[in-house]
Amino acid sequence: MGRDHMGKHIIVGAGPVGTETARLLVEAGHQVVSVTRSGRGPAVEGVERIAADASDAEQLIKITAGADVIYNCANPPHYGNWEEVWPPLWASMLQAAETNGATFVTASSLYGYGPVSGRMFEGLPDLATEKNGRIRASMWAEAKALHDAGRIKAVEVRASDYVGAGVGDHGHLTRNVPAALKGKSAMVIGNPHLPHSWTDVLDVARTLVAVADREDSWGRVWIAPTNAPRSLRQGLADVLELAGKPMVRVRSYPKLIMKAGGWFSADLRQLEAMSYIFTRSYVVDSTEAETKLGLAPTPWDEVCRRTLTSASAG
């Protein structure tokens with residue numbers, strides 16, 4: 001579905017990845033429909049916005065009739081209730097893709113890999129050890145099984161922690177930028193000095209659009225183009241330097257506070273279970289997407305600029 005075939009593209013979710021994906025598809029001349037519960041959708045001219053519960057399979061099948069591609073850009077805001085939110089939503093999207101013959105392109109995280117020693121790359125097995133990682137791994141396993149059986153056409157794009165435009169409070173680096181611009185200390189989870197990969201949401205969207213258009217990319221996982229790792233502290237320093245602001249103090253939440261918070265918050269309890277993300281190096285290798293798909297990560301200076309502009313606008 002290149003420029004010689006303008007298709008109908010349905011995006012479930014309107015967070016930063018869904019918004020960037022919608023913008024790229026509109027620029028390419030495609031018909032784009034955004035499906036969210038509220039119907040607000042991405043603020044992108046040319047996008048049709050529909051208010052619907054995407055976990056209602058009957059409703060989603062009607063909305064996606066005639067679609068060439070369905071994109072899963074949903075990202076439940078709470079870590080603690082994925083076992084309630086994802087199964088019906090995932091089943092609905094798979095059913096819609098199969099019923100309507102649409103290619104199913106899904107944005108995902110690295111959680112399915114679980115704790116890894118060394119860099120993460122596409123050939124690693126999914127060996128998650130905690131709840132949300134196992135949920136993510138099982139979701140792709142189900143889609144892959146349907147793809148291998150010839151029932152759907154599926155492909156997954158994974159990315160590390162998000163940076164860039166629109167991420168804000170939902171990003172471990174970006175949530176600290178507004179306060180840091182005012183000279184306030186940054187409070188972070190885990191060790192802020194370890195190497196960590198940060199993926200711009202624009203590069204996630206570029207990869208989603210690229211694989212949707214290439215049959216030879218289907219049936220597997222891709223890691224979105226990602227810059228060389230930087231510690232959380234260095235990433236924050238880079239953004240502040242671009243703004244002409246001095247570096248601020250970076251402090252880690254005490255482990256006792258995180259554990260105590262888990263007694264009252266399912267989200268904090270799940271973050272504690274996923275603490276390996278913040279207490280060891282968390283680095284990806286996106287060589288395959290860069291070489292086989294012809295993509296490259298947005299230059300880091302531009303990533304910082306996008307992050308800064310978004311924080312300043314907010």
# chains A, B, ... in the order shown; residues from 1 in each chain; ligands from 1
$ residues_around --residues "Asn100 of chain A" --least-positions-apart "5" --cutoff "12 Å" --atoms "only C-alpha atoms" --output "PyMOL selection string"
chain A and resi 8+10+57-58+60-70+93-95+151-153
$ select_by_dssp --residues "segment 187-283 of chain A" --states "strand (DSSP E or B)" --output "compact mmCIF listing (two decimals) with all heavy atoms, in the first residue's frame"
# COMPACT_ATOMS: atom_id res chain seq x y z
N MET A 187 12.97 13.03 40.33
CA MET A 187 12.81 11.83 41.12
C MET A 187 12.53 10.67 40.17
O MET A 187 11.58 10.71 39.38
CB MET A 187 11.65 11.98 42.11
CG MET A 187 11.91 12.98 43.21
SD MET A 187 13.28 12.49 44.31
CE MET A 187 12.67 10.94 44.99
N VAL A 188 13.37 9.64 40.23
CA VAL A 188 13.28 8.56 39.25
C VAL A 188 13.24 7.21 39.95
O VAL A 188 13.59 7.08 41.12
CB VAL A 188 14.46 8.60 38.26
CG1 VAL A 188 14.52 9.94 37.55
CG2 VAL A 188 15.78 8.30 38.96
N HIS A 196 20.64 3.02 29.03
CA HIS A 196 19.21 2.77 28.79
C HIS A 196 18.86 3.25 27.38
O HIS A 196 19.33 4.29 26.94
CB HIS A 196 18.37 3.53 29.82
CG HIS A 196 16.98 3.00 30.00
ND1 HIS A 196 16.62 2.17 31.03
CD2 HIS A 196 15.86 3.17 29.26
CE1 HIS A 196 15.33 1.87 30.93
NE2 HIS A 196 14.85 2.46 29.86
N TRP A 198 16.25 4.69 24.58
CA TRP A 198 15.06 5.55 24.51
C TRP A 198 14.63 5.63 23.05
O TRP A 198 15.41 5.99 22.18
CB TRP A 198 15.38 6.96 25.03
CG TRP A 198 16.01 6.94 26.38
CD1 TRP A 198 17.35 7.00 26.66
CD2 TRP A 198 15.35 6.83 27.64
NE1 TRP A 198 17.55 6.95 28.02
CE2 TRP A 198 16.35 6.85 28.65
CE3 TRP A 198 14.00 6.75 28.02
CZ2 TRP A 198 16.05 6.76 30.00
CZ3 TRP A 198 13.71 6.66 29.37
CH2 TRP A 198 14.71 6.67 30.34
N THR A 199 13.38 5.27 22.77
CA THR A 199 12.88 5.25 21.40
C THR A 199 11.90 6.40 21.18
O THR A 199 10.92 6.53 21.92
CB THR A 199 12.17 3.92 21.09
OG1 THR A 199 13.02 2.82 21.43
CG2 THR A 199 11.81 3.83 19.61
N ASP A 200 12.15 7.20 20.16
CA ASP A 200 11.24 8.29 19.83
C ASP A 200 9.94 7.71 19.27
O ASP A 200 9.97 6.81 18.41
CB ASP A 200 11.88 9.22 18.80
CG ASP A 200 11.15 10.54 18.65
OD1 ASP A 200 9.91 10.53 18.49
OD2 ASP A 200 11.81 11.59 18.68
N VAL A 221 8.63 -10.12 14.68
CA VAL A 221 8.84 -8.94 15.51
C VAL A 221 9.96 -8.09 14.92
O VAL A 221 10.95 -8.60 14.39
CB VAL A 221 9.23 -9.36 16.95
CG1 VAL A 221 9.78 -8.19 17.74
CG2 VAL A 221 8.02 -9.97 17.67
N TRP A 222 9.78 -6.76 15.01
CA TRP A 222 10.83 -5.80 14.66
C TRP A 222 11.05 -4.87 15.84
O TRP A 222 10.10 -4.56 16.56
CB TRP A 222 10.43 -4.95 13.45
CG TRP A 222 10.23 -5.74 12.19
CD1 TRP A 222 9.07 -6.32 11.75
CD2 TRP A 222 11.23 -6.04 11.21
NE1 TRP A 222 9.29 -6.97 10.56
CE2 TRP A 222 10.60 -6.81 10.20
CE3 TRP A 222 12.59 -5.73 11.08
CZ2 TRP A 222 11.28 -7.27 9.09
CZ3 TRP A 222 13.27 -6.19 9.97
CH2 TRP A 222 12.62 -6.95 8.98
N ILE A 223 12.28 -4.42 16.03
CA ILE A 223 12.56 -3.40 17.04
C ILE A 223 12.76 -2.08 16.33
O ILE A 223 13.58 -1.96 15.41
CB ILE A 223 13.80 -3.76 17.88
CG1 ILE A 223 13.47 -4.97 18.77
CG2 ILE A 223 14.24 -2.58 18.73
CD1 ILE A 223 14.61 -5.43 19.65
N VAL A 250 19.44 14.53 40.47
CA VAL A 250 18.60 13.37 40.14
C VAL A 250 18.65 12.39 41.30
O VAL A 250 19.73 11.93 41.69
CB VAL A 250 19.09 12.67 38.84
CG1 VAL A 250 18.23 11.44 38.55
CG2 VAL A 250 19.06 13.65 37.68
N ARG A 251 17.50 12.10 41.86
CA ARG A 251 17.43 11.20 43.01
C ARG A 251 16.52 10.02 42.70
O ARG A 251 15.55 10.15 41.96
CB ARG A 251 16.90 11.95 44.23
CG ARG A 251 17.82 13.08 44.71
CD ARG A 251 17.27 13.73 45.96
NE ARG A 251 16.02 14.42 45.71
CZ ARG A 251 15.20 14.88 46.65
NH1 ARG A 251 15.48 14.66 47.93
NH2 ARG A 251 14.11 15.54 46.33
N SER A 252 16.84 8.88 43.29
CA SER A 252 16.02 7.68 43.10
C SER A 252 15.04 7.53 44.26
O SER A 252 15.37 7.83 45.41
CB SER A 252 16.91 6.43 43.04
OG SER A 252 17.80 6.50 41.96
N TYR A 282 19.45 -1.56 30.13
CA TYR A 282 18.24 -1.89 29.36
C TYR A 282 18.46 -1.33 27.96
O TYR A 282 18.13 -0.18 27.67
CB TYR A 282 17.02 -1.26 30.03
CG TYR A 282 15.70 -1.89 29.68
CD1 TYR A 282 15.40 -3.19 30.07
CD2 TYR A 282 14.73 -1.18 28.97
CE1 TYR A 282 14.18 -3.77 29.77
CE2 TYR A 282 13.50 -1.75 28.66
CZ TYR A 282 13.24 -3.04 29.07
OH TYR A 282 12.02 -3.61 28.76
$ closest_residue --among "A:Met139, A:Val26, A:Ala180, A:Ala212" --to "Val239 of chain A" --atoms "only C-alpha atoms"
A:Ala180
$ residues_around --residues "segment 123-137 of chain A" --least-positions-apart "2" --cutoff "10 Å" --atoms "only C-alpha atoms" --output "PyMOL selection string"
chain A and resi 79-83+86-87+108-116+119-121+139-142+220-222+270-271+273-274
$ write_last_selection --atoms "C-alpha atoms" --output "mmCIF file, in the first residue's frame"
data_model
loop_
_atom_site.group_PDB
_atom_site.id
_atom_site.type_symbol
_atom_site.label_atom_id
_atom_site.label_comp_id
_atom_site.auth_asym_id
_atom_site.auth_seq_id
_atom_site.Cartn_x
_atom_site.Cartn_y
_atom_site.Cartn_z
ATOM 1 C CA TYR A 79 0.161 -1.124 34.728
ATOM 2 C CA GLY A 80 -1.863 -2.828 37.442
ATOM 3 C CA ASN A 81 -4.923 -4.039 35.499
ATOM 4 C CA TRP A 82 -3.588 -5.325 32.180
ATOM 5 C CA GLU A 83 -5.037 -8.777 32.818
ATOM 6 C CA TRP A 86 -5.849 -6.467 27.277
ATOM 7 C CA PRO A 87 -7.540 -9.874 26.707
ATOM 8 C CA SER A 108 4.426 -3.252 21.670
ATOM 9 C CA SER A 109 7.081 -3.008 24.363
ATOM 10 C CA LEU A 110 10.149 -5.055 25.295
ATOM 11 C CA TYR A 111 8.440 -6.578 28.327
ATOM 12 C CA GLY A 112 7.884 -9.925 26.632
ATOM 13 C CA TYR A 113 11.619 -10.612 26.607
ATOM 14 C CA GLY A 114 11.817 -10.407 30.383
ATOM 15 C CA PRO A 115 15.149 -9.758 32.151
ATOM 16 C CA VAL A 116 17.964 -9.956 29.590
ATOM 17 C CA ARG A 119 21.315 -6.186 24.257
ATOM 18 C CA MET A 120 17.758 -7.056 23.235
ATOM 19 C CA PHE A 121 17.146 -8.002 19.614
ATOM 20 C CA MET A 139 -0.514 -11.619 22.956
ATOM 21 C CA TRP A 140 2.143 -11.831 20.266
ATOM 22 C CA ALA A 141 2.248 -15.632 20.498
ATOM 23 C CA GLU A 142 -1.482 -15.731 19.761
ATOM 24 C CA ARG A 220 7.677 -11.513 12.971
ATOM 25 C CA VAL A 221 8.841 -8.938 15.510
ATOM 26 C CA TRP A 222 10.827 -5.801 14.661
ATOM 27 C CA GLN A 270 3.531 -3.947 39.130
ATOM 28 C CA LEU A 271 6.375 -1.433 38.713
ATOM 29 C CA ALA A 273 7.733 -6.491 39.806
ATOM 30 C CA MET A 274 9.283 -4.915 36.700
#
$ residues_around --residues "Gly15 of chain A" --least-positions-apart "6" --cutoff "10 Å" --atoms "only C-alpha atoms" --output "number ranges by chain"
A: 21, 36, 41-42, 73-76, 166-167, 170, 201
$ closest_residue --among "A:Ala91, A:Leu240, A:Ala43, A:Val33" --to "Asp56 of chain A" --atoms "only C-alpha atoms"
A:Ala91
$ closest_residue --among "A:Arg230, A:His78, A:His172, A:Arg206" --to "Leu295 of chain A" --atoms "only C-alpha atoms"
A:Arg206
$ closest_residue --among "A:Ala243, A:Ala107, A:Ala22, A:Ala102" --to "Thr207 of chain A" --atoms "only C-alpha atoms"
A:Ala107
$ residues_around --residues "Gly118 of chain A" --least-positions-apart "4" --cutoff "9 Å" --atoms "only C-alpha atoms" --output "compact mmCIF listing (two decimals) with C-alpha atoms, in the first residue's frame"
# COMPACT_ATOMS: atom_id res chain seq x y z
CA SER A 281 21.24 -1.96 31.72
CA TYR A 282 18.24 -1.89 29.36
CA VAL A 283 19.56 -1.69 25.82
CA VAL A 284 18.21 -2.65 22.40
$ select_by_dssp --residues "segment 81-217 of chain A" --states "helix (DSSP H, G or I)" --output "PyMOL selection string"
chain A and resi 81-100+111-113+131-148+168-170+174-181+201-212+215-217
$ closest_atom_pairs --of "segment 70-174 of chain A" --to "segment 297-305 of chain A" --cutoff "9 Å" --atoms "only C-alpha atoms" --output "CSV"
residue,atom,partner,partner_atom,distance
A:Val163,CA,A:Val303,CA,7.3
A:Gly164,CA,A:Val303,CA,5.6
A:Ala165,CA,A:Val303,CA,8.4
